[in-house]
file start-v4.txt (compact mmCIF, C-alpha atoms and all ligand atoms)
# COMPACT_ATOMS: atom_id res chain seq x y z
CA MET A 1 -11.66 16.39 -10.54
CA ALA A 2 -11.68 12.63 -10.23
CA LEU A 3 -8.33 10.86 -10.38
CA LYS A 4 -8.09 8.97 -13.65
CA ILE A 5 -6.65 5.51 -13.17
CA GLY A 6 -5.87 2.43 -15.21
CA VAL A 7 -5.92 -0.89 -13.37
CA LEU A 8 -3.70 -3.85 -14.31
CA ILE A 9 -4.92 -7.30 -13.28
CA SER A 10 -4.19 -10.97 -13.87
CA GLY A 11 -6.73 -12.80 -11.76
CA SER A 12 -9.75 -12.60 -9.50
CA GLY A 13 -9.73 -8.81 -9.25
CA SER A 14 -11.06 -8.56 -5.70
CA ASN A 15 -8.96 -5.44 -5.19
CA LEU A 16 -10.33 -4.01 -8.43
CA GLN A 17 -13.80 -4.70 -7.01
CA ALA A 18 -12.94 -2.91 -3.76
CA ILE A 19 -11.87 0.14 -5.78
CA ILE A 20 -15.03 0.01 -7.91
CA ASP A 21 -17.18 -0.27 -4.75
CA GLU A 22 -15.49 2.66 -3.02
CA ILE A 23 -15.92 4.84 -6.13
CA GLU A 24 -19.60 3.86 -6.34
CA ALA A 25 -20.05 4.59 -2.61
CA GLY A 26 -18.65 8.09 -3.17
CA ARG A 27 -15.71 7.53 -0.82
CA LEU A 28 -13.09 7.47 -3.58
CA ASP A 29 -12.87 10.33 -6.01
CA ALA A 30 -11.50 8.34 -8.93
CA GLU A 31 -12.52 7.10 -12.33
CA ILE A 32 -11.28 3.80 -13.76
CA ARG A 33 -10.59 4.60 -17.40
CA VAL A 34 -9.45 1.13 -18.40
CA VAL A 35 -8.77 -2.32 -16.93
CA ILE A 36 -5.98 -4.26 -18.63
CA SER A 37 -5.55 -7.97 -17.96
CA SER A 38 -2.54 -10.14 -18.73
CA ARG A 39 -4.97 -13.07 -19.07
CA PRO A 40 -8.13 -13.23 -21.16
CA ASP A 41 -9.77 -15.54 -18.58
CA ALA A 42 -9.19 -13.29 -15.53
CA TYR A 43 -12.40 -12.97 -13.51
CA GLY A 44 -11.50 -9.33 -12.88
CA LEU A 45 -12.47 -8.63 -16.51
CA VAL A 46 -16.03 -9.73 -15.73
CA ARG A 47 -16.10 -7.42 -12.70
CA ALA A 48 -14.91 -4.53 -14.87
CA GLN A 49 -17.43 -5.23 -17.62
CA GLU A 50 -20.25 -5.46 -15.07
CA ALA A 51 -19.23 -2.01 -13.84
CA GLY A 52 -19.25 -0.69 -17.42
CA ILE A 53 -15.49 -0.15 -17.55
CA GLN A 54 -13.49 -0.45 -20.76
CA THR A 55 -11.32 -3.58 -20.77
CA VAL A 56 -8.29 -4.81 -22.66
CA ALA A 57 -7.23 -8.48 -22.47
CA LEU A 58 -3.77 -9.42 -23.61
CA SER A 59 -2.93 -12.91 -24.78
CA LYS A 60 0.05 -14.96 -23.65
CA ASP A 61 1.94 -14.47 -26.92
CA VAL A 62 1.99 -10.70 -26.43
CA TYR A 63 4.34 -11.33 -23.49
CA ALA A 64 6.82 -13.30 -25.60
CA ASP A 65 8.54 -9.93 -25.90
CA TYR A 66 8.17 -7.92 -22.67
CA GLU A 67 9.22 -4.59 -24.16
CA THR A 68 6.59 -4.81 -26.88
CA ALA A 69 3.96 -5.91 -24.36
CA ASN A 70 4.81 -3.02 -22.06
CA GLU A 71 4.79 -0.58 -24.96
CA ALA A 72 1.33 -1.77 -25.96
CA ILE A 73 0.08 -1.42 -22.38
CA ALA A 74 1.62 2.04 -21.98
CA THR A 75 -0.07 3.16 -25.19
CA GLU A 76 -3.46 1.89 -23.97
CA LEU A 77 -3.03 3.65 -20.62
CA VAL A 78 -2.00 6.95 -22.17
CA HIS A 79 -4.77 6.69 -24.75
CA ALA A 80 -7.35 6.13 -22.03
CA GLY A 81 -6.18 9.34 -20.34
CA CYS A 82 -4.87 7.64 -17.17
CA GLU A 83 -2.93 9.72 -14.65
CA TYR A 84 -1.96 6.78 -12.42
CA VAL A 85 -1.52 3.06 -12.99
CA VAL A 86 -2.77 0.70 -10.31
CA MET A 87 -1.42 -2.84 -10.25
CA ALA A 88 -3.95 -5.08 -8.56
CA GLY A 89 -2.80 -8.69 -8.62
CA TYR A 90 -0.95 -8.12 -11.89
CA MET A 91 1.50 -11.00 -12.20
CA ARG A 92 3.71 -9.69 -15.01
CA MET A 93 6.66 -7.36 -14.83
CA VAL A 94 6.12 -3.69 -15.45
CA THR A 95 9.10 -2.32 -17.36
CA ASP A 96 10.42 0.96 -18.78
CA PRO A 97 7.78 1.80 -21.39
CA ILE A 98 5.15 1.94 -18.61
CA LEU A 99 7.43 3.26 -15.84
CA MET A 100 8.73 6.09 -18.06
CA ALA A 101 5.27 7.09 -19.23
CA PHE A 102 4.10 7.19 -15.58
CA PRO A 103 7.13 8.09 -13.41
CA ASP A 104 6.32 7.58 -9.70
CA ARG A 105 2.75 7.00 -10.82
CA VAL A 106 2.59 3.21 -10.95
CA LEU A 107 1.28 1.70 -7.72
CA ASN A 108 1.70 -1.87 -6.58
CA LEU A 109 0.04 -3.80 -3.79
CA HIS A 110 2.12 -6.41 -1.98
CA PRO A 111 0.70 -8.85 0.58
CA ALA A 112 3.50 -8.52 3.16
CA LEU A 113 5.40 -5.81 5.02
CA LEU A 114 8.17 -4.93 2.56
CA PRO A 115 11.12 -5.24 2.55
CA SER A 116 10.23 -8.60 4.15
CA PHE A 117 8.83 -11.40 2.01
CA LYS A 118 9.27 -10.05 -1.49
CA GLY A 119 8.11 -12.15 -4.41
CA ALA A 120 5.04 -13.94 -5.67
CA HIS A 121 4.34 -16.12 -2.57
CA ALA A 122 4.56 -13.55 0.18
CA ILE A 123 1.60 -14.69 2.31
CA CYS A 124 2.71 -18.31 2.30
CA ASP A 125 6.36 -17.36 2.87
CA ALA A 126 5.44 -15.28 5.93
CA TYR A 127 3.20 -18.04 7.28
CA GLU A 128 5.86 -20.70 6.78
CA ALA A 129 8.53 -18.50 8.37
CA GLY A 130 6.47 -18.39 11.58
CA VAL A 131 6.54 -14.61 11.90
CA LYS A 132 3.92 -13.25 14.30
CA MET A 133 3.24 -10.12 12.30
CA THR A 134 2.95 -9.61 8.56
CA GLY A 135 0.77 -7.22 6.56
CA VAL A 136 0.20 -5.24 3.43
CA THR A 137 2.32 -2.69 1.56
CA VAL A 138 1.33 -0.20 -1.12
CA HIS A 139 4.34 1.19 -2.97
CA PHE A 140 5.32 2.90 -6.17
CA ALA A 141 6.78 0.45 -8.64
CA ASN A 142 10.20 0.97 -10.14
CA ALA A 143 12.64 -1.13 -12.11
CA GLU A 144 13.54 -3.17 -9.01
CA TYR A 145 10.91 -5.71 -8.09
CA ASP A 146 9.02 -4.96 -4.82
CA LYS A 147 11.47 -2.18 -3.98
CA GLY A 148 9.91 1.18 -4.89
CA PRO A 149 9.04 3.98 -2.44
CA ILE A 150 6.50 2.84 0.16
CA VAL A 151 3.23 4.77 0.39
CA ALA A 152 1.40 2.85 3.11
CA GLN A 153 1.67 -0.26 5.26
CA ARG A 154 -0.76 -2.07 7.53
CA ALA A 155 0.14 -4.81 9.97
CA VAL A 156 -1.75 -8.10 10.23
CA GLU A 157 -1.17 -10.37 13.19
CA ILE A 158 -0.67 -14.09 12.66
CA ALA A 159 -2.54 -15.68 15.54
CA GLU A 160 -1.89 -19.12 17.01
CA ASP A 161 -5.02 -20.55 15.38
CA ASP A 162 -4.48 -18.97 11.95
CA THR A 163 -4.23 -21.28 8.96
CA LEU A 164 -2.77 -20.19 5.64
CA ASP A 165 -6.36 -19.75 4.40
CA SER A 166 -7.46 -17.61 7.33
CA LEU A 167 -4.30 -15.51 7.04
CA GLU A 168 -4.97 -14.98 3.32
CA GLU A 169 -8.49 -13.83 4.18
CA LYS A 170 -7.22 -11.36 6.76
CA ILE A 171 -4.60 -9.98 4.36
CA HIS A 172 -7.12 -9.55 1.55
CA ALA A 173 -9.59 -7.77 3.85
CA VAL A 174 -6.87 -5.28 4.79
CA GLU A 175 -5.82 -4.85 1.14
CA HIS A 176 -9.40 -4.01 0.19
CA GLN A 177 -9.34 -1.18 2.73
CA VAL A 178 -5.89 0.24 2.29
CA TYR A 179 -5.68 0.39 -1.52
CA PRO A 180 -8.75 2.62 -2.00
CA GLU A 181 -7.56 4.76 0.95
CA VAL A 182 -4.19 5.32 -0.71
CA LEU A 183 -5.90 6.21 -3.98
CA GLN A 184 -8.09 8.73 -2.18
CA MET A 185 -4.99 10.36 -0.64
CA ILE A 186 -3.51 10.59 -4.13
CA ALA A 187 -6.77 12.00 -5.49
CA GLU A 188 -6.56 14.67 -2.78
CA GLY A 189 -3.06 15.55 -4.01
CA ARG A 190 -1.47 14.64 -0.67
CA VAL A 191 1.10 12.08 -1.84
CA THR A 192 4.51 13.07 -3.21
CA VAL A 193 7.83 11.31 -3.71
CA GLY A 194 10.58 13.54 -2.31
CA ASP A 195 14.15 14.05 -3.51
CA ASP A 196 15.05 11.59 -0.74
CA ARG A 197 13.01 9.00 -2.70
CA LYS A 198 10.68 8.63 0.26
CA VAL A 199 6.95 9.12 0.01
CA HIS A 200 5.62 12.12 1.92
CA ILE A 201 1.97 12.42 2.84
CA ALA A 202 0.52 15.84 3.56
CA PRO A 203 -2.17 16.16 6.22
CA ARG A 204 -5.76 16.48 5.03
CA GLY A 205 -7.09 19.97 4.25
C1 LIG A 301 -3.36 -9.63 -3.76
O1 LIG A 301 -3.10 -10.41 -2.63
C2 LIG A 301 -2.18 -8.72 -4.05
O2 LIG A 301 -1.51 -8.31 -2.89
C3 LIG A 301 -1.30 -9.60 -4.87
O3 LIG A 301 -2.18 -10.35 -5.67
C4 LIG A 301 -3.44 -10.46 -5.01
C5 LIG A 301 -4.51 -10.00 -5.97
O4 LIG A 301 -5.78 -10.37 -5.63
N1 LIG A 301 -0.32 -8.82 -5.59
P1 LIG A 301 -7.02 -9.87 -6.49
O5 LIG A 301 -6.81 -10.30 -7.94
O6 LIG A 301 -7.14 -8.37 -6.36
O7 LIG A 301 -8.20 -10.58 -5.88
call {"tool": "encode", "arguments": {"input": "start-v4.txt", "output": "structure tokens"}}
result
Amino acid sequence: MALKIGVLISGSGSNLQAIIDEIEAGRLDAEIRVVISSRPDAYGLVRAQEAGIQTVALSKDVYADYETANEAIATELVHAGCEYVVMAGYMRMVTDPILMAFPDRVLNLHPALLPSFKGAHAICDAYEAGVKMTGVTVHFANAEYDKGPIVAQRAVEIAEDDTLDSLEEKIHAVEHQVYPEVLQMIAEGRVTVGDDRKVHIAPRG
């Protein structure tokens, strides 16, 4: 049975699009039950609507109180029958009401190789630091920002002629591959968080 997911966005939603495309291509056995945006003007909402997916847009004032906002989001996700929550460029904090409703079931995508370059400007921070290798991390979210158990990582080389723009492009291209792949592994029931708080991935079949 298809993995039921809810996707949280705040912006362009290119990762949401990658997930939609992989589902439509039959390579990802998942169903997006709802897309929730922290901004009513997020372009990702248009992508979701074009794909016929139910959307919820939250206004800025909802976030005046984070607990209430997170309770409202958790209720929407549970209501929509989601099994996993997929953060895709969601720029707000996910707190207890969501984390407790979906323990070890909230995924985040970070555009660097954690634990390096945490925070909201990871691509730029890595570029400015002059590292030769950065990448992409998919991890389970927990109460500590950018710190939950890591599911997958991919390296991206920073070449001599890379600009910040070209690096961003390379990172996004890798994100668009790795996020649907992780979701497919979860759909296949191969991903567990062990007592050691590390993610273990069973071989296929
Ligand atoms: C991605 O780079 C992701 O790693 C970061 O926010 C960006 C979202 O892009 N957390 P999009 O909205 O999916 O295009």
call {"tool": "residues_around", "arguments": {"input": "start-v4.txt", "residues": "Arg204 of chain A", "least_positions_apart": "2", "cutoff": "10 Å", "atoms": "all atoms listed in the file", "output": "number ranges by chain"}}
result
A: 185, 188-190, 201-202
call {"tool": "write_last_selection", "arguments": {"input": "start-v4.txt", "atoms": "C-alpha atoms", "output": "CSV table (one decimal), in the frame of the given file"}}
result
chain,number,residue,atom,x,y,z
A,185,MET,CA,-5.0,10.4,-0.6
A,188,GLU,CA,-6.6,14.7,-2.8
A,189,GLY,CA,-3.1,15.6,-4.0
A,190,ARG,CA,-1.5,14.6,-0.7
A,201,ILE,CA,2.0,12.4,2.8
A,202,ALA,CA,0.5,15.8,3.6
call {"tool": "residues_near_point", "arguments": {"input": "start-v4.txt", "point": "(-10.7, -8.7, -9.7)", "cutoff": "7 Å", "atoms": "only C-alpha atoms", "output": "compact mmCIF listing (two decimals) with C-alpha atoms, in the frame of the given file"}}
result
# COMPACT_ATOMS: atom_id res chain seq x y z
CA ILE A 9 -4.92 -7.30 -13.28
CA GLY A 11 -6.73 -12.80 -11.76
CA SER A 12 -9.75 -12.60 -9.50
CA GLY A 13 -9.73 -8.81 -9.25
CA SER A 14 -11.06 -8.56 -5.70
CA ASN A 15 -8.96 -5.44 -5.19
CA LEU A 16 -10.33 -4.01 -8.43
CA GLN A 17 -13.80 -4.70 -7.01
CA TYR A 43 -12.40 -12.97 -13.51
CA GLY A 44 -11.50 -9.33 -12.88
CA ARG A 47 -16.10 -7.42 -12.70
call {"tool": "closest_atom_pairs", "arguments": {"input": "start-v4.txt", "of": "chain A", "to": "ligand LIG 301 (chain A)", "cutoff": "10 Å", "atoms": "only C-alpha atoms and all ligand atoms", "output": "JSON lines"}}
result
{"residue": "A:Leu8", "atom": "CA", "partner": "A:LIG301", "partner_atom": "O5", "distance": 9.6}
{"residue": "A:Ile9", "atom": "CA", "partner": "A:LIG301", "partner_atom": "O5", "distance": 6.4}
{"residue": "A:Ser10", "atom": "CA", "partner": "A:LIG301", "partner_atom": "O5", "distance": 6.5}
{"residue": "A:Gly11", "atom": "CA", "partner": "A:LIG301", "partner_atom": "O5", "distance": 4.6}
{"residue": "A:Ser12", "atom": "CA", "partner": "A:LIG301", "partner_atom": "O5", "distance": 4.0}
{"residue": "A:Gly13", "atom": "CA", "partner": "A:LIG301", "partner_atom": "O5", "distance": 3.5}
{"residue": "A:Ser14", "atom": "CA", "partner": "A:LIG301", "partner_atom": "O7", "distance": 3.5}
{"residue": "A:Asn15", "atom": "CA", "partner": "A:LIG301", "partner_atom": "O6", "distance": 3.6}
{"residue": "A:Leu16", "atom": "CA", "partner": "A:LIG301", "partner_atom": "O6", "distance": 5.8}
{"residue": "A:Gln17", "atom": "CA", "partner": "A:LIG301", "partner_atom": "O6", "distance": 7.6}
{"residue": "A:Ala18", "atom": "CA", "partner": "A:LIG301", "partner_atom": "O6", "distance": 8.4}
{"residue": "A:Ile19", "atom": "CA", "partner": "A:LIG301", "partner_atom": "O6", "distance": 9.8}
{"residue": "A:Ala42", "atom": "CA", "partner": "A:LIG301", "partner_atom": "O5", "distance": 8.5}
{"residue": "A:Tyr43", "atom": "CA", "partner": "A:LIG301", "partner_atom": "O5", "distance": 8.3}
{"residue": "A:Gly44", "atom": "CA", "partner": "A:LIG301", "partner_atom": "O5", "distance": 6.9}
{"residue": "A:Met87", "atom": "CA", "partner": "A:LIG301", "partner_atom": "N1", "distance": 7.7}
{"residue": "A:Ala88", "atom": "CA", "partner": "A:LIG301", "partner_atom": "O6", "distance": 5.1}
{"residue": "A:Gly89", "atom": "CA", "partner": "A:LIG301", "partner_atom": "C5", "distance": 3.4}
{"residue": "A:Tyr90", "atom": "CA", "partner": "A:LIG301", "partner_atom": "N1", "distance": 6.4}
{"residue": "A:Met91", "atom": "CA", "partner": "A:LIG301", "partner_atom": "N1", "distance": 7.2}
{"residue": "A:Asn108", "atom": "CA", "partner": "A:LIG301", "partner_atom": "N1", "distance": 7.3}
{"residue": "A:Leu109", "atom": "CA", "partner": "A:LIG301", "partner_atom": "O2", "distance": 4.9}
{"residue": "A:His110", "atom": "CA", "partner": "A:LIG301", "partner_atom": "O2", "distance": 4.2}
{"residue": "A:Pro111", "atom": "CA", "partner": "A:LIG301", "partner_atom": "O2", "distance": 4.1}
{"residue": "A:Ala112", "atom": "CA", "partner": "A:LIG301", "partner_atom": "O2", "distance": 7.9}
{"residue": "A:Gly119", "atom": "CA", "partner": "A:LIG301", "partner_atom": "N1", "distance": 9.1}
{"residue": "A:Ala120", "atom": "CA", "partner": "A:LIG301", "partner_atom": "N1", "distance": 7.4}
{"residue": "A:His121", "atom": "CA", "partner": "A:LIG301", "partner_atom": "C3", "distance": 8.9}
{"residue": "A:Ala122", "atom": "CA", "partner": "A:LIG301", "partner_atom": "O2", "distance": 8.6}
{"residue": "A:Ile123", "atom": "CA", "partner": "A:LIG301", "partner_atom": "O1", "distance": 8.1}
{"residue": "A:Gly135", "atom": "CA", "partner": "A:LIG301", "partner_atom": "O2", "distance": 9.8}
{"residue": "A:Val136", "atom": "CA", "partner": "A:LIG301", "partner_atom": "O2", "distance": 7.2}
{"residue": "A:Thr137", "atom": "CA", "partner": "A:LIG301", "partner_atom": "O2", "distance": 8.1}
{"residue": "A:Val138", "atom": "CA", "partner": "A:LIG301", "partner_atom": "O2", "distance": 8.8}
{"residue": "A:Glu168", "atom": "CA", "partner": "A:LIG301", "partner_atom": "O1", "distance": 7.7}
{"residue": "A:Glu169", "atom": "CA", "partner": "A:LIG301", "partner_atom": "O1", "distance": 9.3}
{"residue": "A:Ile171", "atom": "CA", "partner": "A:LIG301", "partner_atom": "O1", "distance": 7.2}
{"residue": "A:His172", "atom": "CA", "partner": "A:LIG301", "partner_atom": "O1", "distance": 5.9}
{"residue": "A:Ala173", "atom": "CA", "partner": "A:LIG301", "partner_atom": "O1", "distance": 9.5}
{"residue": "A:Val174", "atom": "CA", "partner": "A:LIG301", "partner_atom": "O1", "distance": 9.8}
{"residue": "A:Glu175", "atom": "CA", "partner": "A:LIG301", "partner_atom": "O2", "distance": 6.8}
{"residue": "A:His176", "atom": "CA", "partner": "A:LIG301", "partner_atom": "O6", "distance": 8.2}
{"residue": "A:Tyr179", "atom": "CA", "partner": "A:LIG301", "partner_atom": "O2", "distance": 9.7}
call {"tool": "atom_distance", "arguments": {"input": "start-v4.txt", "atom1": "atom CA of Ile186 of chain A", "atom2": "atom CA of Leu3 of chain A"}}
result
7.9 Å
call {"tool": "atom_distance", "arguments": {"input": "start-v4.txt", "atom1": "atom CA of Ser38 of chain A", "atom2": "atom CA of Leu58 of chain A"}}
result
5.1 Å
call {"tool": "atom_distance", "arguments": {"input": "start-v4.txt", "atom1": "atom CA of Val94 of chain A", "atom2": "atom CA of Gln49 of chain A"}}
result
23.7 Å
call {"tool": "closest_residue", "arguments": {"input": "start-v4.txt", "among": "A:Asp196, A:Glu144, A:Asp104, A:Asp162", "to": "Val85 of chain A", "atoms": "all atoms listed in the file"}}
result
A:Asp104
call {"tool": "closest_residue", "arguments": {"input": "start-v4.txt", "among": "A:Gly52, A:Ser37, A:Ala152, A:Ile98", "to": "Glu24 of chain A", "atoms": "only C-alpha atoms"}}
result
A:Gly52
call {"tool": "closest_atom_pairs", "arguments": {"input": "start-v4.txt", "of": "segment 101-190 of chain A", "to": "segment 79-82 of chain A", "cutoff": "12 Å", "atoms": "all atoms listed in the file", "output": "JSON lines"}}
result
{"residue": "A:Ala101", "atom": "CA", "partner": "A:Cys82", "partner_atom": "CA", "distance": 10.4}
{"residue": "A:Phe102", "atom": "CA", "partner": "A:Cys82", "partner_atom": "CA", "distance": 9.1}
{"residue": "A:Arg105", "atom": "CA", "partner": "A:Cys82", "partner_atom": "CA", "distance": 9.9}
{"residue": "A:Val106", "atom": "CA", "partner": "A:Cys82", "partner_atom": "CA", "distance": 10.7}
call {"tool": "closest_residue", "arguments": {"input": "start-v4.txt", "among": "A:Pro203, A:Pro103, A:Gly130, A:Pro115", "to": "Gln153 of chain A", "atoms": "only C-alpha atoms"}}
result
A:Pro115
call {"tool": "closest_residue", "arguments": {"input": "start-v4.txt", "among": "A:Leu113, A:Met133, A:Val193, A:Ala30", "to": "Tyr84 of chain A", "atoms": "all atoms listed in the file"}}
result
A:Ala30
call {"tool": "residues_around", "arguments": {"input": "start-v4.txt", "residues": "Ala159 of chain A", "least_positions_apart": "2", "cutoff": "12 Å", "atoms": "only C-alpha atoms", "output": "mmCIF file with C-alpha atoms, in the frame of the given file"}}
result
data_model
loop_
_atom_site.group_PDB
_atom_site.id
_atom_site.type_symbol
_atom_site.label_atom_id
_atom_site.label_comp_id
_atom_site.auth_asym_id
_atom_site.auth_seq_id
_atom_site.Cartn_x
_atom_site.Cartn_y
_atom_site.Cartn_z
ATOM 1 C CA TYR A 127 3.200 -18.040 7.280
ATOM 2 C CA GLY A 130 6.470 -18.390 11.580
ATOM 3 C CA VAL A 131 6.540 -14.610 11.900
ATOM 4 C CA LYS A 132 3.920 -13.250 14.300
ATOM 5 C CA MET A 133 3.240 -10.120 12.300
ATOM 6 C CA THR A 134 2.950 -9.610 8.560
ATOM 7 C CA VAL A 156 -1.750 -8.100 10.230
ATOM 8 C CA GLU A 157 -1.170 -10.370 13.190
ATOM 9 C CA ASP A 161 -5.020 -20.550 15.380
ATOM 10 C CA ASP A 162 -4.480 -18.970 11.950
ATOM 11 C CA THR A 163 -4.230 -21.280 8.960
ATOM 12 C CA LEU A 164 -2.770 -20.190 5.640
ATOM 13 C CA SER A 166 -7.460 -17.610 7.330
ATOM 14 C CA LEU A 167 -4.300 -15.510 7.040
ATOM 15 C CA LYS A 170 -7.220 -11.360 6.760
#
call {"tool": "closest_residue", "arguments": {"input": "start-v4.txt", "among": "A:Ala2, A:Ile158, A:Ala72, A:Leu99", "to": "Cys124 of chain A", "atoms": "only C-alpha atoms"}}
result
A:Ile158
call {"tool": "axis_aligned_box", "arguments": {"input": "start-v4.txt", "around": "segment 97-111 of chain A", "padding_each_side": "3 Å", "output": "lines of an AutoDock Vina configuration file"}}
result
center_x = 4.4
center_y = -0.4
center_z = -10.4
size_x = 14.7
size_y = 22.9
size_z = 28.0
